[in-house]
Structures are given as C-alpha cells and as structure tokens.
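Written out below as structure tokens is the structure these notes cover.
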Amino acid sequence: MSSHWYAVYANTESRCLVPRFPREPYRHEPPTARLILKDHLMLSEKVQLTKEKETMLITLYGRALQSRSKHPILRDTWAEEAVQRVDYDFAKLKVGWRAALLFACRATQLDLWTTSFLAEHPDATVLHLGCGLDSRVYRIAPPPTVRWFDLDYPEVIALRRHLYSERAGYSMIGSSLADLSWLDEVPGDRPAMIVAEGVTMYLTEEIMQALLQALTNHFPSGQLAFDVHTPQLVRWLTKSGATVRGTGATFGWGIDNPADIKRLEPRLELISELKAHNLAAYARLPWSMHLLVRAMETIPALRVMRCLLYRFQRS
C-alpha cells in the first residue's frame with residue numbers, strides 16, 4: 001500500500017530512469033545495509049501484485065533511484081538492494097527523477113517526525129501502517145526498547161519477510177487496514193508514533209474514521225503522521241476513471257483543511273501542516289523543482305506531498 005506518484009503528474013516527466021542498476025560497489029553504503037537483507041545472493045522474488053498493493057513498488061523504485069544518484073536527499077541502500085532482488089518490470093511505472101526526489105522529501109520528513117518522537121519516548125510503540133517495502137525501521141534504527149510494528153496486506157508482508165531480516169523489537173503484521181482485528185497483536189500500554197506514508201488516499205472515509213477511532217482508543221497517547229491529497233484530486237481521479245500509474249488503484253479519501261479531521265476523530269489535535277515547499281529536505285531540490293512545486297501548489301488537484309502531524313490523548 002506504500003506511496004505512489006499518480007497519473008496526472010506522470011505525463012509531465014521528461015524522462016524515466018533505467019529499471020535496473022548495474023552491479024557495482026555501493027557508494028557510502030552503511031556497513032550493516034547488506035546484512036539486513038536476507039540471503040543476498042538468493043534469486044529474485046517474483047512479484048504479482050495489483051491495485052494499491054502494487055503502488056508500494058512505485059515508491060520503492062523512486063527511493064532507490066534517488067538514493068543511487070550522485071547527491072541523494074535520502075540514502076536508502078535497502079531500497080536499492082530490494083529493487084535488485086524483486087522480479088518486476090519497474091520501467092512500466094514510469095517513475096522519473098522528479099517524482100523520486102519528492103518521494104525522498106516526504107520520507108525524510110516522516111523520518112524526522114518519528115525520530116523526534118522517539119527521542120522523547122525511547123520506550124514507545126511505532127506503528128507503520130501500509131509499510132510496503134519501506135526501510136524506515138532500518139533507516140531510523142530505533143533502540144531495542146522501542147516496539148516497532150510494520151503492517152500491510154498479507155501478500156506484501158510475505159514478500160517483505162523474504163527480503164528483510166528481523167531485528168530486536170521489530171514485528172510484521174499481515175492484514176488489511178480495514179480489518180481492525182490486527183490491533184489485537186499490538187500492545188496498547190505505551191505512547192505510540194503512528195506513521196502512514198502514501199496510504200490514506202486509498203482508504204474510504206468510513207474506513208479512515210473507523211481506523212482513527214480505533215487507534216486513539218487503543219493507545220494512551222501519541223502522534224499520527226501521514227501525507228494527504230486534496231478532495232479535488234480524489235474527485236478528479238474518480239471522475240476521469242484514471243488509475244495510479246496503470247496499477248488499477250484509485251483514490252478514496254482526501255482532506256483540504258487539516259482541522260476537518262475532527263469530524264472523523266475529535267481527539268486529534270493538529271501539530272503541524274507542511275506543504276511540499278515546507279518539507280525539511282525541500283531546500284536541497286534543484287531550482288527547477290522549486291518552480292514546479294510552487295506552480296502545482298496553485299492548483300488544488302495538484303497539491304501533493306502535504307504532510308500532517310497530529311497528537312492525541314485518550315480521555
């Protein structure tokens with residue numbers, strides 16, 4: 001279920017980068033990166049996913065592309081390695097360098113919010129919703145006192161288990177977000193950092209409301225960080241019949257005013273709303289990207305990579 005770059009923007013990409021990387025030594029590779037991926041020499045994993053499950057490969061490939069660049073915003077050698085291991089035609093997704101850079105900006109911001117929360121709550125629970133093949137738990141490398149849960153569809157988690165190794169305090173759960181029985185596997189006795197990257201737009205308002213209410217009831221307190229699209233984009237995609245980069249996935253929920261979340265769950269209090277040009281890594285983008293992002297933000301249906309951070313306290 002992990003994040004995506006949708007059809008309306010795909011048409012503006014000037015070029016797509018190659019779907020595979022040459023086998024060569026990794027530049028600036030963290031010493032543990034290859035140890036985290038299982039059986040490095042094992043044959044590639046065949047992937048047959050559809051709709052929102054398939055969109056996780058869009059973000060995975062985007063992170064790998066920018067990580068492999070000369071001056072990456074977010075070094076993600078785990079994504080680079082996973083792309084080499086997955087048997088899939090990434091070229092058909094048409095992920096270009098602009099999208100890859102914005103994926104990196106969004107991921108960096110959510111990483112920063114998560115790291116900040118864990119600095120204040122070193123024994124917290126982290127719940128990564130719709131984790132896909134994201135390496136966040138390895139990038140952040142929380143101490144073993146943190147309980148970290150990655151959640152996604154069973155097929156996605158099965159692939160993830162083939163690619164990534166376990167680590168102290170880390171668990172994976174295979175379930176749909178709509179089936180809230182998965183929360184029974186997550187202890188609710190600690191403050192929680194809940195992260196959802198490229199996830200909420202694929203949910204309906206009914207599922208989103210049930211999810212928010214369940215989460216704020218389950219944990220004593222915590223923060224919720226996610227990115228959103230506008231209702232205008234959701235309506236446009238629905239009306240046009242377009243899908244996300246040909247995967248068959250469509251959008252179901254969006255929000256314009258961050259305060260509107262209170263209609264779904266009144267206990268959520270906004271901490272921060274960051275538009276694309278406010279994200280921490282935005283300053284590192286080339287000037288051409290600055291111009292493009294600013295132009296897109298003038299059109300509601302093209303406002304993307306908007307990240308929201310809320311706090312909650314169980315009454």
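Chains: A, B, ... in order of the structure tokens. Residues: from 1 per chain. Ligands: from 1, in order shown.
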Residues within 9 Å of region 230-234 of chain A, please, as a CSV table (one decimal) with N, CA and C atoms, in the first residue's frame. Count only C-alpha atoms; anything in the same chain fewer than 6 positions from it doesn't count.
```
chain,number,residue,atom,x,y,z
A,201,MET,N,-4.9,8.0,1.1
A,201,MET,CA,-5.7,8.3,-0.1
A,201,MET,C,-6.4,7.1,-0.7
A,250,THR,N,-7.1,3.3,-7.2
A,250,THR,CA,-7.8,4.6,-7.2
A,250,THR,C,-7.8,5.2,-5.9
A,251,PHE,N,-8.1,6.5,-5.8
A,251,PHE,CA,-8.2,7.2,-4.5
A,251,PHE,C,-9.6,7.2,-3.9
A,252,GLY,N,-9.7,7.2,-2.6
A,252,GLY,CA,-11.0,7.2,-2.0
A,252,GLY,C,-11.2,8.3,-0.9
A,253,TRP,N,-10.1,9.0,-0.5
A,253,TRP,CA,-10.3,9.9,0.6
A,253,TRP,C,-9.2,11.0,0.5
A,254,GLY,N,-9.6,12.2,0.8
A,254,GLY,CA,-8.7,13.4,0.8
A,254,GLY,C,-9.2,14.4,1.8
A,255,ILE,N,-8.4,15.3,2.1
A,255,ILE,CA,-8.7,16.4,3.1
A,255,ILE,C,-8.0,17.7,2.7
A,256,ASP,N,-8.8,18.8,2.8
A,256,ASP,CA,-8.2,20.1,2.4
A,256,ASP,C,-7.8,20.8,3.7
A,257,ASN,N,-8.7,21.1,4.5
A,257,ASN,CA,-8.4,21.8,5.8
A,257,ASN,C,-8.0,20.7,6.8
A,300,PRO,N,-5.5,23.1,-6.7
A,300,PRO,CA,-5.8,22.2,-5.6
A,300,PRO,C,-5.6,20.7,-6.0
A,301,ALA,N,-6.0,20.4,-7.2
A,301,ALA,CA,-5.9,19.0,-7.6
A,301,ALA,C,-4.5,18.5,-7.8
A,302,LEU,N,-3.5,19.4,-7.7
A,302,LEU,CA,-2.1,19.0,-7.9
A,302,LEU,C,-1.3,19.2,-6.7
A,303,ARG,N,-1.9,19.5,-5.5
A,303,ARG,CA,-1.2,19.7,-4.3
A,303,ARG,C,-0.9,18.4,-3.7
A,304,VAL,N,0.4,18.0,-3.7
A,304,VAL,CA,0.8,16.7,-3.3
A,304,VAL,C,1.9,16.8,-2.3
```
* Asked: Which of region 142-186 of chain A counts as strand (DSSP E or B) under DSSP, as a PyMOL selection string please?
  -> chain A and resi 147-152+164+170-174
* To do: For CA of Val83 (chain A) and CA of Ile58 (chain A), quote the distance in Å rounded to one decimal.
  =>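 Straight-line distance from CA of Val83 (chain A) to CA of Ile58 (chain A) works out to 10.7 Å.
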* For Pro266 (chain A), which residue out of A:Leu292, A:Gln213, A:Leu203, A:Ile140 is the nearest one, using only C-alpha atoms? -> A:Gln213
Please build the interface table for region 121-154 of chain A against region 185-194 of chain A with a cut-off of 7 Å, listing for each qualifying residue the nearest atom pair and the distance in Å to one decimal; count only C-alpha atoms, order rows by chain and increasing number, and write it as a Markdown table.
```
| residue | atom | partner | partner_atom | distance |
| --- | --- | --- | --- | --- |
| A:Ala124 | CA | A:Pro191 | CA | 5.3 |
| A:Thr125 | CA | A:Ala192 | CA | 4.7 |
| A:Val126 | CA | A:Met193 | CA | 4.7 |
| A:Leu127 | CA | A:Ile194 | CA | 4.7 |
| A:His128 | CA | A:Ile194 | CA | 6.0 |
```
* To do: Write out as number ranges by chain the residues lying within 7 Å of Ser175 (chain A), counting only C-alpha atoms and excluding same-chain residues fewer than 4 positions away.
  => A: 151-154, 179, 182
* Check the DSSP output for the backbone and give back, as a PyMOL selection string, the residues of region 53-93 of chain A in alpha helix (DSSP H). => chain A and resi 53-54+56-67+77-85
Mind dumping a table of every region 81-154 of chain A residue within 7 Å of region 61-68 of chain A, with the nearest atom pair and its distance in Å to one decimal, using only C-alpha atoms, sorted by chain and rising number, as a tab-separated table?
```
residue	atom	partner	partner_atom	distance
A:Val83	CA	A:Tyr61	CA	6.6
A:Val95	CA	A:Gly62	CA	6.4
A:Ala99	CA	A:Gly62	CA	6.9
A:Ala100	CA	A:Gly62	CA	4.2
A:Leu101	CA	A:Gln66	CA	6.2
A:Phe103	CA	A:Arg63	CA	6.6
A:Ala104	CA	A:Arg63	CA	6.1
```
* To do: Compile the contact shell of Asp184 (chain A) as a list in words: residues with an atom at most 12 Å away, counting only C-alpha atoms, same-chain residues fewer than 5 positions apart removed.
  =>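 Close residues of Asp184 (chain A): Ile173, Ser175, Asp179, Ala214, Leu215, His218 and Phe219 of chain A.
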* Asked: What separation in Å, quoted to one decimal, exists between CA of Thr77 (chain A) and CA of Trp97 (chain A)?
  ->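 Computing the Euclidean distance for CA of Thr77 (chain A) and CA of Trp97 (chain A) yields 17.0 Å.
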* With a distance cut-off of 10 Å and only C-alpha atoms, select the neighbouring residues of Glu269 (chain A), excluding the residue or stretch itself and same-chain residues fewer than 3 positions from it, and output the selection as an MDAnalysis selection string. => chainID A and resid 223:224 258:259 261:262 265:266 272 309:313
Mind dumping the selected residues with C-alpha atoms as an mmCIF file, in the first residue's frame?
```cif
data_model
loop_
_atom_site.group_PDB
_atom_site.id
_atom_site.type_symbol
_atom_site.label_atom_id
_atom_site.label_comp_id
_atom_site.auth_asym_id
_atom_site.auth_seq_id
_atom_site.Cartn_x
_atom_site.Cartn_y
_atom_site.Cartn_z
ATOM 1 C CA GLN A 223 1.209 11.232 17.459
ATOM 2 C CA LEU A 224 -0.066 10.454 13.980
ATOM 3 C CA PRO A 258 -6.427 19.771 8.405
ATOM 4 C CA ALA A 259 -8.995 20.768 11.058
ATOM 5 C CA ILE A 261 -10.046 15.581 10.639
ATOM 6 C CA LYS A 262 -12.009 16.327 13.809
ATOM 7 C CA GLU A 265 -11.908 11.799 15.334
ATOM 8 C CA PRO A 266 -12.309 14.815 17.691
ATOM 9 C CA SER A 272 1.955 20.793 12.013
ATOM 10 C CA LEU A 309 1.235 15.697 12.165
ATOM 11 C CA TYR A 310 -1.380 15.314 14.922
ATOM 12 C CA ARG A 311 -1.296 14.478 18.611
ATOM 13 C CA PHE A 312 -3.900 12.615 20.605
ATOM 14 C CA GLN A 313 -4.651 11.750 24.213
#
```
* Skip Thr108 (chain A) itself and residues of its chain fewer than 5 positions away, then list as a list of chain:residue names all residues within 9 Å of it, counting only C-alpha atoms. =>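 In the requested format, the answer is A:Ile73, A:Leu74, A:Phe103, A:Trp113, A:Leu279, A:Ala280, A:Ala281.
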May I have the selected residues written with N, CA and C atoms, as a JSON list (two decimals), in the first residue's frame?
```
[["chain", "number", "residue", "atom", "x", "y", "z"],
["A", 73, "ILE", "N", 19.04, 12.88, -1.57],
["A", 73, "ILE", "CA", 18.40, 13.51, -0.42],
["A", 73, "ILE", "C", 18.30, 12.53, 0.73],
["A", 74, "LEU", "N", 17.95, 11.29, 0.38],
["A", 74, "LEU", "CA", 17.78, 10.25, 1.37],
["A", 74, "LEU", "C", 18.54, 9.01, 0.91],
["A", 103, "PHE", "N", 9.44, 11.92, -3.46],
["A", 103, "PHE", "CA", 9.29, 10.79, -2.55],
["A", 103, "PHE", "C", 10.30, 10.89, -1.41],
["A", 113, "TRP", "N", 10.03, 13.32, 11.95],
["A", 113, "TRP", "CA", 8.98, 13.35, 12.97],
["A", 113, "TRP", "C", 9.03, 12.10, 13.85],
["A", 279, "LEU", "N", 8.66, 21.17, 3.47],
["A", 279, "LEU", "CA", 9.30, 19.95, 3.96],
["A", 279, "LEU", "C", 10.78, 20.20, 4.21],
["A", 280, "ALA", "N", 11.32, 19.49, 5.17],
["A", 280, "ALA", "CA", 12.69, 19.76, 5.63],
["A", 280, "ALA", "C", 13.72, 19.65, 4.52],
["A", 281, "ALA", "N", 13.54, 18.71, 3.61],
["A", 281, "ALA", "CA", 14.54, 18.49, 2.56],
["A", 281, "ALA", "C", 14.28, 19.29, 1.29]]
```
* **Nearest-residue call for Ala178 (chain A), choices A:Asp76, A:Glu297, A:Glu197, A:Glu206, using only C-alpha atoms** =>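 Looking at the shortest contact to Ala178 (chain A), the residue is A:Glu206.
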* Between CA of Arg160 (chain A) and CA of Leu133 (chain A), measure the distance and give it in Å to one decimal. => 6.1 Å
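Take the candidates A:Leu285, A:Ala79, A:Val137, A:Val47 and check each one against Ala158 (chain A) using only C-alpha atoms; the shortest distance goes to A:Val47.
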